[in-house]
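Source file: start-v6.cif; contents: mmCIF, C-alpha atoms.
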data_data
loop_
_atom_site.group_PDB
_atom_site.id
_atom_site.type_symbol
_atom_site.label_atom_id
_atom_site.label_comp_id
_atom_site.auth_asym_id
_atom_site.auth_seq_id
_atom_site.Cartn_x
_atom_site.Cartn_y
_atom_site.Cartn_z
ATOM 1 C CA MET A 28 115.071 50.189 100.572
ATOM 2 C CA THR A 29 117.296 53.054 101.643
ATOM 3 C CA GLU A 30 120.261 54.354 99.715
ATOM 4 C CA TYR A 31 122.742 56.651 101.417
ATOM 5 C CA ASP A 32 125.467 58.550 99.602
ATOM 6 C CA ALA A 33 129.031 59.017 100.857
ATOM 7 C CA SER A 34 127.927 61.961 103.041
ATOM 8 C CA GLY A 35 125.196 59.911 104.690
ATOM 9 C CA VAL A 36 122.402 61.641 102.796
ATOM 10 C CA ASP A 37 119.293 59.523 102.172
ATOM 11 C CA VAL A 38 119.004 59.748 98.388
ATOM 12 C CA THR A 39 115.646 57.973 98.276
ATOM 13 C CA LEU A 40 114.159 60.790 100.361
ATOM 14 C CA ILE A 41 115.494 63.374 97.907
ATOM 15 C CA ARG A 42 114.095 61.451 94.943
ATOM 16 C CA CYS A 43 110.739 61.151 96.684
ATOM 17 C CA PHE A 44 110.705 64.900 97.392
ATOM 18 C CA LEU A 45 111.687 65.708 93.814
ATOM 19 C CA SER A 46 108.719 63.682 92.561
ATOM 20 C CA LEU A 47 106.370 66.160 94.277
ATOM 21 C CA THR A 48 105.295 69.523 92.918
ATOM 22 C CA PRO A 49 106.720 72.630 94.646
ATOM 23 C CA ALA A 50 103.333 73.248 96.300
ATOM 24 C CA GLN A 51 103.192 69.676 97.585
ATOM 25 C CA ARG A 52 106.702 70.067 99.028
ATOM 26 C CA LEU A 53 105.613 73.152 100.979
ATOM 27 C CA GLU A 54 102.523 71.282 102.177
ATOM 28 C CA ARG A 55 104.834 68.597 103.615
ATOM 29 C CA LEU A 56 106.838 71.343 105.302
ATOM 30 C CA GLN A 57 103.637 72.793 106.712
ATOM 31 C CA GLU A 58 102.778 69.408 108.227
ATOM 32 C CA PHE A 59 106.226 69.348 109.872
ATOM 33 C CA MET A 60 105.754 72.867 111.249
ATOM 34 C CA ASP A 61 102.337 72.036 112.679
ATOM 35 C CA PHE A 62 103.633 68.792 114.193
ATOM 36 C CA THR A 63 106.620 70.553 115.787
ATOM 37 C CA GLU A 64 104.416 73.255 117.293
ATOM 38 C CA GLU A 65 102.060 70.626 118.652
ATOM 39 C CA ILE A 66 104.987 68.898 120.371
ATOM 40 C CA TRP A 67 106.085 72.261 121.775
ATOM 41 C CA ARG A 68 102.591 72.926 123.098
ATOM 42 C CA LEU A 69 102.318 69.480 124.682
ATOM 43 C CA ASN A 70 105.595 70.133 126.487
ATOM 44 C CA GLY A 71 104.742 73.694 127.489
ATOM 45 C CA ILE A 72 107.662 75.039 125.467
ATOM 46 C CA GLU A 73 107.679 78.508 123.981
ATOM 47 C CA PRO A 74 109.271 78.750 120.535
ATOM 48 C CA SER A 75 112.915 79.816 120.532
ATOM 49 C CA PHE A 76 114.355 81.356 117.421
ATOM 50 C CA GLY A 77 117.942 81.960 118.477
ATOM 51 C CA ASP A 78 120.210 84.734 117.378
ATOM 52 C CA PRO A 79 118.726 87.095 114.776
ATOM 53 C CA ALA A 80 122.102 87.073 113.006
ATOM 54 C CA ASP A 81 121.466 83.401 112.295
ATOM 55 C CA ALA A 82 118.386 84.124 110.197
ATOM 56 C CA GLY A 83 118.368 83.377 106.532
ATOM 57 C CA MET B 171 99.015 77.949 112.576
ATOM 58 C CA ASN B 172 101.631 77.561 109.847
ATOM 59 C CA ARG B 173 100.618 78.230 106.271
ATOM 60 C CA PRO B 174 103.798 79.010 104.321
ATOM 61 C CA LEU B 175 102.063 78.880 100.963
ATOM 62 C CA GLU B 176 99.443 81.371 102.114
ATOM 63 C CA ILE B 177 102.128 83.742 103.382
ATOM 64 C CA LEU B 178 103.833 83.634 99.987
ATOM 65 C CA ARG B 179 100.499 84.104 98.227
ATOM 66 C CA THR B 180 99.726 87.178 100.337
ATOM 67 C CA LEU B 181 103.089 88.702 99.414
ATOM 68 C CA ALA B 182 102.535 87.866 95.744
ATOM 69 C CA ASP B 183 98.987 89.238 95.792
ATOM 70 C CA HIS B 184 100.375 92.541 97.094
ATOM 71 C CA GLU B 185 102.896 92.527 94.220
ATOM 72 C CA VAL B 186 105.843 92.572 96.601
ATOM 73 C CA GLU B 187 109.187 92.041 94.869
ATOM 74 C CA PHE B 188 110.957 89.419 96.949
ATOM 75 C CA ILE B 189 113.116 86.314 96.746
ATOM 76 C CA VAL B 190 112.481 83.234 98.863
ATOM 77 C CA VAL B 191 115.738 82.104 100.486
ATOM 78 C CA GLY B 192 116.667 79.771 103.342
ATOM 79 C CA GLY B 193 114.987 76.493 104.162
ATOM 80 C CA VAL B 194 111.743 77.169 102.297
ATOM 81 C CA ALA B 195 113.707 77.894 99.121
ATOM 82 C CA ALA B 196 115.542 74.600 99.570
ATOM 83 C CA VAL B 197 112.272 72.733 100.110
ATOM 84 C CA ALA B 198 110.632 74.373 97.099
ATOM 85 C CA LEU B 199 113.480 73.100 94.923
ATOM 86 C CA GLY B 200 113.223 69.570 96.298
ATOM 87 C CA ALA B 201 115.595 69.389 99.263
ATOM 88 C CA PRO B 202 114.055 67.398 102.141
ATOM 89 C CA VAL B 203 115.001 69.791 104.943
ATOM 90 C CA ASN B 204 112.945 71.321 107.721
ATOM 91 C CA THR B 205 112.530 74.846 108.947
ATOM 92 C CA MET B 206 110.040 76.756 111.059
ATOM 93 C CA ASP B 207 110.009 80.048 109.185
ATOM 94 C CA ILE B 208 109.977 81.622 105.761
ATOM 95 C CA ASP B 209 112.963 83.783 104.844
ATOM 96 C CA ILE B 210 112.647 86.413 102.147
ATOM 97 C CA VAL B 211 114.940 89.102 100.775
ATOM 98 C CA HIS B 212 113.094 92.110 99.387
ATOM 99 C CA THR B 213 114.062 95.072 97.283
ATOM 100 C CA ARG B 214 114.199 98.099 99.541
ATOM 101 C CA ALA B 215 112.945 100.537 96.913
ATOM 102 C CA PRO B 216 110.373 102.836 98.566
ATOM 103 C CA GLU B 217 107.399 101.637 96.460
ATOM 104 C CA ASN B 218 108.209 98.006 97.250
ATOM 105 C CA VAL B 219 108.580 98.749 100.950
ATOM 106 C CA THR B 220 105.103 100.299 100.859
ATOM 107 C CA ARG B 221 103.651 97.168 99.208
ATOM 108 C CA LEU B 222 105.495 94.922 101.645
ATOM 109 C CA LEU B 223 104.199 96.900 104.599
ATOM 110 C CA ALA B 224 100.627 96.489 103.312
ATOM 111 C CA ALA B 225 101.151 92.719 102.944
ATOM 112 C CA LEU B 226 102.588 92.500 106.455
ATOM 113 C CA HIS B 227 99.610 94.434 107.773
ATOM 114 C CA ALA B 228 97.268 91.935 106.083
ATOM 115 C CA LEU B 229 99.249 89.154 107.767
ATOM 116 C CA ASP B 230 99.009 90.880 111.168
ATOM 117 C CA ALA B 231 102.813 90.769 111.419
ATOM 118 C CA HIS B 232 104.665 91.746 114.581
ATOM 119 C CA TYR B 233 108.134 91.185 115.957
ATOM 120 C CA ARG B 234 108.577 87.742 117.498
ATOM 121 C CA HIS B 235 110.589 88.999 120.449
ATOM 122 C CA ARG B 236 108.493 92.148 120.929
ATOM 123 C CA PRO B 237 104.868 91.333 120.028
ATOM 124 C CA GLU B 238 103.758 94.887 120.742
ATOM 125 C CA LEU B 239 106.058 96.198 117.974
ATOM 126 C CA ARG B 240 104.999 96.273 114.305
ATOM 127 C CA PRO B 241 107.400 96.668 111.389
ATOM 128 C CA THR B 242 107.617 100.131 109.861
ATOM 129 C CA GLU B 243 108.856 101.526 106.557
ATOM 130 C CA SER B 244 112.047 102.530 108.335
ATOM 131 C CA HIS B 245 112.651 98.949 109.533
ATOM 132 C CA LEU B 246 111.958 97.495 106.095
ATOM 133 C CA SER B 247 114.242 100.005 104.392
ATOM 134 C CA SER B 248 117.273 98.758 106.306
ATOM 135 C CA ARG B 249 119.591 95.855 105.480
ATOM 136 C CA GLY B 250 118.709 94.276 108.809
ATOM 137 C CA HIS B 251 116.743 91.143 109.646
ATOM 138 C CA GLN B 252 113.126 91.590 110.731
ATOM 139 C CA LEU B 253 112.093 88.425 112.564
ATOM 140 C CA LEU B 254 108.323 88.450 112.493
ATOM 141 C CA ALA B 255 105.383 86.349 113.573
ATOM 142 C CA THR B 256 102.209 86.499 111.498
ATOM 143 C CA ARG B 257 98.756 84.971 111.794
ATOM 144 C CA LEU B 258 99.925 82.348 109.258
ATOM 145 C CA GLY B 259 103.344 81.551 110.719
ATOM 146 C CA TYR B 260 106.834 82.926 111.101
ATOM 147 C CA LEU B 261 108.365 85.216 108.505
ATOM 148 C CA ASP B 262 111.885 86.645 108.386
ATOM 149 C CA VAL B 263 112.148 89.727 106.208
ATOM 150 C CA LEU B 264 115.791 90.251 105.342
ATOM 151 C CA GLY B 265 117.453 93.276 103.776
ATOM 152 C CA ALA B 266 120.531 91.185 102.974
ATOM 153 C CA ILE B 267 121.841 87.662 103.576
ATOM 154 C CA GLY B 268 125.254 86.068 103.977
ATOM 155 C CA LYS B 269 128.054 88.534 103.490
ATOM 156 C CA GLY B 270 125.871 91.386 102.293
ATOM 157 C CA HIS B 271 123.926 89.839 99.410
ATOM 158 C CA THR B 272 120.953 92.055 98.590
ATOM 159 C CA TYR B 273 117.926 91.590 96.334
ATOM 160 C CA ALA B 274 119.616 93.116 93.289
ATOM 161 C CA GLY B 275 122.656 90.874 93.560
ATOM 162 C CA LEU B 276 120.613 87.734 94.166
ATOM 163 C CA LEU B 277 118.006 88.322 91.460
ATOM 164 C CA PRO B 278 120.072 86.849 88.567
ATOM 165 C CA HIS B 279 120.456 83.677 90.649
ATOM 166 C CA THR B 280 116.772 82.950 91.079
ATOM 167 C CA VAL B 281 114.235 80.682 89.436
ATOM 168 C CA GLU B 282 110.559 81.442 89.133
ATOM 169 C CA ILE B 283 108.389 78.718 90.622
ATOM 170 C CA GLU B 284 104.687 78.336 89.950
ATOM 171 C CA PHE B 285 102.972 77.094 93.099
ATOM 172 C CA ALA B 286 99.516 77.352 91.556
ATOM 173 C CA PRO B 287 97.992 78.986 88.476
ATOM 174 C CA ALA B 288 98.741 82.730 88.588
ATOM 175 C CA PHE B 289 100.777 82.279 91.763
ATOM 176 C CA ARG B 290 104.512 82.473 91.149
ATOM 177 C CA CYS B 291 107.456 83.369 93.359
ATOM 178 C CA ARG B 292 111.147 83.893 92.769
ATOM 179 C CA VAL B 293 113.306 81.404 94.682
ATOM 180 C CA LEU B 294 117.076 81.490 95.154
ATOM 181 C CA ASP B 295 118.595 78.708 93.050
ATOM 182 C CA LEU B 296 120.329 75.775 94.713
ATOM 183 C CA GLU B 297 123.760 76.678 93.347
ATOM 184 C CA THR B 298 123.626 80.075 95.056
ATOM 185 C CA GLN B 299 122.116 78.687 98.253
ATOM 186 C CA ILE B 300 125.101 76.334 98.433
ATOM 187 C CA ALA B 301 127.622 79.079 97.609
ATOM 188 C CA ILE B 302 126.266 81.399 100.309
ATOM 189 C CA LYS B 303 126.245 78.653 102.929
ATOM 190 C CA GLU B 304 129.833 77.764 102.009
ATOM 191 C CA GLU B 305 130.763 81.444 102.268
ATOM 192 C CA THR B 306 129.005 81.920 105.605
ATOM 193 C CA GLY B 307 130.273 78.688 107.116
ATOM 194 C CA GLY B 308 127.967 78.611 110.141
ATOM 195 C CA GLU B 309 127.357 75.245 111.792
ATOM 196 C CA LYS B 310 123.713 75.133 110.717
ATOM 197 C CA ASP B 311 124.681 76.050 107.150
ATOM 198 C CA LEU B 312 127.432 73.457 106.955
ATOM 199 C CA ALA B 313 125.105 70.762 108.289
ATOM 200 C CA MET B 314 122.636 71.409 105.469
ATOM 201 C CA LEU B 315 125.222 71.443 102.674
ATOM 202 C CA PRO B 316 125.381 67.671 101.944
ATOM 203 C CA ILE B 317 121.612 67.559 101.403
ATOM 204 C CA LEU B 318 121.627 70.637 99.167
ATOM 205 C CA ARG B 319 124.551 69.359 97.099
ATOM 206 C CA ARG B 320 122.954 65.956 96.618
ATOM 207 C CA THR B 321 119.595 67.515 95.742
ATOM 208 C CA LEU B 322 121.315 69.632 93.094
ATOM 209 C CA ALA B 323 123.055 66.549 91.699
ATOM 210 C CA GLU B 324 119.763 64.644 91.553
ATOM 211 C CA ARG B 325 118.017 67.538 89.806
ATOM 212 C CA ARG B 326 120.757 67.605 87.184
ATOM 213 C CA ARG B 327 120.581 63.821 86.792
ATOM 214 C CA ILE B 328 116.846 63.741 86.068
ATOM 215 C CA LYS B 329 116.846 66.718 83.671
#

File written out as C-alpha coordinates:
Amino acid sequence: MTEYDASGVDVTLIRCFLSLTPAQRLERLQEFMDFTEEIWRLNGIEPSFGDPADAG
Amino acid sequence: MNRPLEILRTLADHEVEFIVVGGVAAVALGAPVNTMDIDIVHTRAPENVTRLLAALHALDAHYRHRPELRPTESHLSSRGHQLLATRLGYLDVLGAIGKGHTYAGLLPHTVEIEFAPAFRCRVLDLETQIAIKEETGGEKDLAMLPILRRTLAERRRIK
(Lines of atoms letter the chains of each structure in order from A and count residues from 1; the text may use other names and numbers.)
(Lines give C-alpha, C1' and ligand atoms only; values in the text may rest on other atoms or scores of the structure.)
Protein backbone atom coordinates (compact mmCIF):
# COMPACT_ATOMS: atom_id res chain seq x y z
CA MET A 1 0.00 0.00 0.00
CA THR A 2 1.26 3.46 -0.85
CA GLU A 3 0.11 6.66 0.77
CA TYR A 4 0.94 9.99 -0.84
CA ASP A 5 0.42 13.34 0.82
CA ALA A 6 -0.91 16.47 -0.89
CA SER A 7 2.58 17.27 -2.25
CA GLY A 8 2.94 13.82 -3.79
CA VAL A 9 5.39 12.63 -1.15
CA ASP A 10 5.33 8.88 -0.44
CA VAL A 11 4.71 8.86 3.31
CA THR A 12 5.19 5.10 3.63
CA LEU A 13 8.77 5.52 2.41
CA ILE A 14 9.42 8.18 5.06
CA ARG A 15 7.94 5.97 7.79
CA CYS A 16 10.05 3.05 6.61
CA PHE A 17 13.19 5.22 6.66
CA LEU A 18 12.36 6.56 10.11
CA SER A 19 12.13 3.00 11.42
CA LEU A 20 15.84 2.53 10.64
CA THR A 21 18.74 3.67 12.78
CA PRO A 22 20.81 6.62 11.48
CA ALA A 23 23.63 4.22 10.56
CA GLN A 24 21.24 1.97 8.65
CA ARG A 25 19.93 5.00 6.75
CA LEU A 26 23.46 5.90 5.64
CA GLU A 27 24.05 2.28 4.63
CA ARG A 28 21.00 2.53 2.34
CA LEU A 29 22.45 5.73 0.90
CA GLN A 30 25.76 3.97 0.36
CA GLU A 31 23.98 1.25 -1.62
CA PHE A 32 22.40 3.96 -3.80
CA MET A 33 25.77 5.63 -4.37
CA ASP A 34 27.42 2.35 -5.34
CA PHE A 35 24.53 1.45 -7.65
CA THR A 36 24.63 4.87 -9.35
CA GLU A 37 28.38 4.65 -9.91
CA GLU A 38 28.00 1.17 -11.34
CA ILE A 39 25.42 2.48 -13.83
CA TRP A 40 27.80 5.32 -14.72
CA ARG A 41 30.63 2.86 -15.28
CA LEU A 42 28.49 0.58 -17.44
CA ASN A 43 27.61 3.57 -19.60
CA GLY A 44 31.14 4.96 -19.74
CA ILE A 45 30.02 8.15 -18.01
CA GLU A 46 32.35 10.24 -15.90
CA PRO A 47 30.76 11.74 -12.79
CA SER A 48 29.54 15.31 -13.19
CA PHE A 49 29.13 17.45 -10.12
CA GLY A 50 27.85 20.68 -11.63
CA ASP A 51 28.46 24.17 -10.40
CA PRO A 52 30.48 24.42 -7.18
CA ALA A 53 28.10 27.17 -6.04
CA ASP A 54 25.40 24.50 -5.96
CA ALA A 55 27.18 22.49 -3.28
CA GLY A 56 25.67 22.11 0.13
CA MET B 1 33.91 3.16 -3.54
CA ASN B 2 31.43 5.10 -1.41
CA ARG B 3 31.62 4.75 2.34
CA PRO B 4 29.93 7.82 3.85
CA LEU B 5 29.95 6.41 7.36
CA GLU B 6 33.68 5.74 7.17
CA ILE B 7 34.35 9.28 5.95
CA LEU B 8 32.43 10.67 8.93
CA ARG B 9 34.24 8.29 11.28
CA THR B 10 37.62 9.44 9.96
CA LEU B 11 36.68 13.07 10.59
CA ALA B 12 35.40 12.21 14.07
CA ASP B 13 38.50 10.15 14.88
CA HIS B 14 40.63 13.19 14.03
CA GLU B 15 38.46 15.28 16.39
CA VAL B 16 37.43 17.63 13.60
CA GLU B 17 34.68 20.06 14.61
CA PHE B 18 32.16 19.89 11.80
CA ILE B 19 28.45 19.81 11.03
CA VAL B 20 26.93 17.44 8.49
CA VAL B 21 24.62 19.36 6.16
CA GLY B 22 22.99 18.68 2.79
CA GLY B 23 21.58 15.37 1.65
CA VAL B 24 23.47 13.19 4.12
CA ALA B 25 22.12 15.27 7.00
CA ALA B 26 18.61 14.80 5.62
CA VAL B 27 19.14 11.05 5.29
CA ALA B 28 20.58 10.75 8.79
CA LEU B 29 17.42 12.35 10.17
CA GLY B 30 15.15 10.03 8.20
CA ALA B 31 14.42 11.78 4.90
CA PRO B 32 14.46 9.30 1.99
CA VAL B 33 16.52 11.41 -0.41
CA ASN B 34 19.59 10.60 -2.46
CA THR B 35 22.90 12.32 -2.89
CA MET B 36 26.35 11.39 -4.15
CA ASP B 37 28.47 13.34 -1.69
CA ILE B 38 28.85 14.32 1.93
CA ASP B 39 28.62 18.02 2.74
CA ILE B 40 30.17 19.38 5.91
CA VAL B 41 30.63 22.84 7.37
CA HIS B 42 33.68 23.16 9.61
CA THR B 43 34.91 25.73 12.05
CA ARG B 44 37.79 27.58 10.44
CA ALA B 45 39.74 28.06 13.66
CA PRO B 46 43.42 27.30 12.94
CA GLU B 47 43.62 24.24 15.24
CA ASN B 48 40.52 22.74 13.63
CA VAL B 49 41.84 23.40 10.14
CA THR B 50 45.00 21.50 11.11
CA ARG B 51 42.94 18.52 12.34
CA LEU B 52 40.76 18.63 9.24
CA LEU B 53 43.80 18.69 6.98
CA ALA B 54 45.17 15.59 8.74
CA ALA B 55 41.82 13.80 8.28
CA LEU B 56 41.73 14.76 4.60
CA HIS B 57 45.27 13.46 4.20
CA ALA B 58 44.21 10.14 5.74
CA LEU B 59 41.34 10.06 3.24
CA ASP B 60 43.69 10.81 0.33
CA ALA B 61 41.52 13.81 -0.57
CA HIS B 62 42.04 15.82 -3.74
CA TYR B 63 39.99 18.26 -5.76
CA ARG B 64 37.43 16.55 -7.99
CA HIS B 65 38.03 18.85 -10.94
CA ARG B 66 41.81 19.01 -10.44
CA PRO B 67 42.99 15.62 -9.12
CA GLU B 68 46.59 16.81 -8.94
CA LEU B 69 45.61 19.50 -6.39
CA ARG B 70 45.33 18.76 -2.66
CA PRO B 71 43.54 20.99 -0.16
CA THR B 72 45.74 23.24 1.95
CA GLU B 73 45.29 25.14 5.21
CA SER B 74 44.72 28.27 3.15
CA HIS B 75 41.88 26.62 1.20
CA LEU B 76 40.25 25.27 4.36
CA SER B 77 40.49 28.63 6.11
CA SER B 78 38.29 30.30 3.51
CA ARG B 79 34.49 30.48 3.36
CA GLY B 80 34.60 28.77 -0.02
CA HIS B 81 33.47 25.32 -1.11
CA GLN B 82 36.15 22.64 -1.47
CA LEU B 83 34.72 19.90 -3.68
CA LEU B 84 36.85 16.87 -2.98
CA ALA B 85 37.15 13.23 -3.94
CA THR B 86 38.53 10.80 -1.37
CA ARG B 87 39.36 7.11 -1.38
CA LEU B 88 36.00 6.56 0.37
CA GLY B 89 33.81 8.82 -1.77
CA TYR B 90 33.01 12.44 -2.45
CA LEU B 91 33.28 15.08 0.24
CA ASP B 92 32.37 18.77 0.05
CA VAL B 93 34.09 20.84 2.71
CA LEU B 94 32.21 24.11 3.04
CA GLY B 95 33.24 27.27 4.86
CA ALA B 96 29.66 28.54 4.72
CA ILE B 97 26.31 27.50 3.23
CA GLY B 98 23.23 29.31 1.97
CA LYS B 99 23.45 33.04 2.45
CA GLY B 100 26.62 32.98 4.52
CA HIS B 101 25.77 30.56 7.34
CA THR B 102 28.98 29.48 9.05
CA TYR B 103 29.76 26.81 11.65
CA ALA B 104 29.22 29.14 14.61
CA GLY B 105 25.81 30.27 13.40
CA LEU B 106 24.66 26.75 12.55
CA LEU B 107 25.91 25.05 15.71
CA PRO B 108 22.84 25.91 17.88
CA HIS B 109 20.67 24.31 15.19
CA THR B 110 22.30 20.90 15.25
CA VAL B 111 21.54 17.55 16.82
CA GLU B 112 24.13 15.03 17.87
CA ILE B 113 23.61 11.64 16.27
CA GLU B 114 25.23 8.44 17.46
CA PHE B 115 26.03 6.26 14.46
CA ALA B 116 27.80 3.65 16.58
CA PRO B 117 29.16 3.45 20.13
CA ALA B 118 31.70 6.26 20.62
CA PHE B 119 31.00 7.57 17.13
CA ARG B 120 28.88 10.72 17.13
CA CYS B 121 28.48 13.58 14.68
CA ARG B 122 26.65 16.88 14.74
CA VAL B 123 23.97 17.11 12.04
CA LEU B 124 22.02 20.20 10.97
CA ASP B 125 18.44 19.83 12.21
CA LEU B 126 15.59 19.46 9.75
CA GLU B 127 14.00 22.79 10.67
CA THR B 128 17.18 24.65 9.70
CA GLN B 129 17.76 22.55 6.59
CA ILE B 130 14.27 23.56 5.46
CA ALA B 131 14.79 27.23 6.37
CA ILE B 132 18.06 27.45 4.44
CA LYS B 133 16.59 25.76 1.38
CA GLU B 134 13.63 28.15 1.49
CA GLU B 135 16.05 31.07 1.80
CA THR B 136 18.27 29.86 -1.04
CA GLY B 137 15.40 28.94 -3.34
CA GLY B 138 17.42 26.97 -5.89
CA GLU B 139 15.55 24.46 -8.04
CA LYS B 140 17.25 21.48 -6.41
CA ASP B 141 16.51 22.87 -2.95
CA LEU B 142 12.87 23.57 -3.72
CA ALA B 143 12.41 20.07 -5.15
CA MET B 144 13.60 18.52 -1.88
CA LEU B 145 11.45 20.69 0.40
CA PRO B 146 8.22 18.61 0.34
CA ILE B 147 10.12 15.51 1.47
CA LEU B 148 11.96 17.38 4.23
CA ARG B 149 8.77 19.03 5.49
CA ARG B 150 6.89 15.75 5.56
CA THR B 151 9.79 13.97 7.27
CA LEU B 152 9.80 16.67 9.96
CA ALA B 153 6.04 16.28 10.42
CA GLU B 154 6.37 12.50 10.74
CA ARG B 155 9.19 12.84 13.28
CA ARG B 156 7.02 15.15 15.37
CA ARG B 157 4.05 12.78 15.05
CA ILE B 158 5.92 9.73 16.35
CA LYS B 159 7.64 11.54 19.25

Exercise. Do you know which residues are at most 12 Å from B:His245 counting only C-alpha atoms, after dropping those on the same chain fewer than 6 positions away, and could you put them as a VMD selection string?
Worked result: chain B and resid 214 216 219 to 220 222 to 223 232 to 233 239 251 to 254 263 to 265

Could you save those same residues with C-alpha atoms as a PDB file, in the frame of the given file?
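This went into part_1.pdb:
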ATOM      1  CA  ARG B 214     114.199  98.099  99.541  1.00  0.00           C
ATOM      2  CA  PRO B 216     110.373 102.836  98.566  1.00  0.00           C
ATOM      3  CA  VAL B 219     108.580  98.749 100.950  1.00  0.00           C
ATOM      4  CA  THR B 220     105.103 100.299 100.859  1.00  0.00           C
ATOM      5  CA  LEU B 222     105.495  94.922 101.645  1.00  0.00           C
ATOM      6  CA  LEU B 223     104.199  96.900 104.599  1.00  0.00           C
ATOM      7  CA  HIS B 232     104.665  91.746 114.581  1.00  0.00           C
ATOM      8  CA  TYR B 233     108.134  91.185 115.957  1.00  0.00           C
ATOM      9  CA  LEU B 239     106.058  96.198 117.974  1.00  0.00           C
ATOM     10  CA  HIS B 251     116.743  91.143 109.646  1.00  0.00           C
ATOM     11  CA  GLN B 252     113.126  91.590 110.731  1.00  0.00           C
ATOM     12  CA  LEU B 253     112.093  88.425 112.564  1.00  0.00           C
ATOM     13  CA  LEU B 254     108.323  88.450 112.493  1.00  0.00           C
ATOM     14  CA  VAL B 263     112.148  89.727 106.208  1.00  0.00           C
ATOM     15  CA  LEU B 264     115.791  90.251 105.342  1.00  0.00           C
ATOM     16  CA  GLY B 265     117.453  93.276 103.776  1.00  0.00           C
TER      17      GLY B 265
END

For this session: Go through the shown structure with the PyMOL selection byres ((chain A) within 9 of (chain B)) and write out the matching residues as a PyMOL selection string.
Result: chain A and resi 32+34-38+40-54+56-61+63-64+76+79-83

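Using only C-alpha atoms, the contacts of stretch 180-182 of chain B at a cut-off of 10 Å, with sequence neighbours closer than 5 positions omitted, comprise Pro174, Leu175, Glu187, Phe188, Arg221, Leu222, Leu223, Ala224, Ala225, Leu226, Ala228, Leu229, Ala288, Phe289, Arg290, Cys291 and Arg292 of chain B.
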
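A straight line drawn from atom CA of B:Glu297 to atom CA of B:Lys329 is 15.5 Å long.
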
Exercise. What is the distance between atom CA of B:Leu178 and atom CA of A:Ile72, in Å to one decimal?
Worked result: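 Between atom CA of B:Leu178 and atom CA of A:Ile72 the gap is 27.2 Å.
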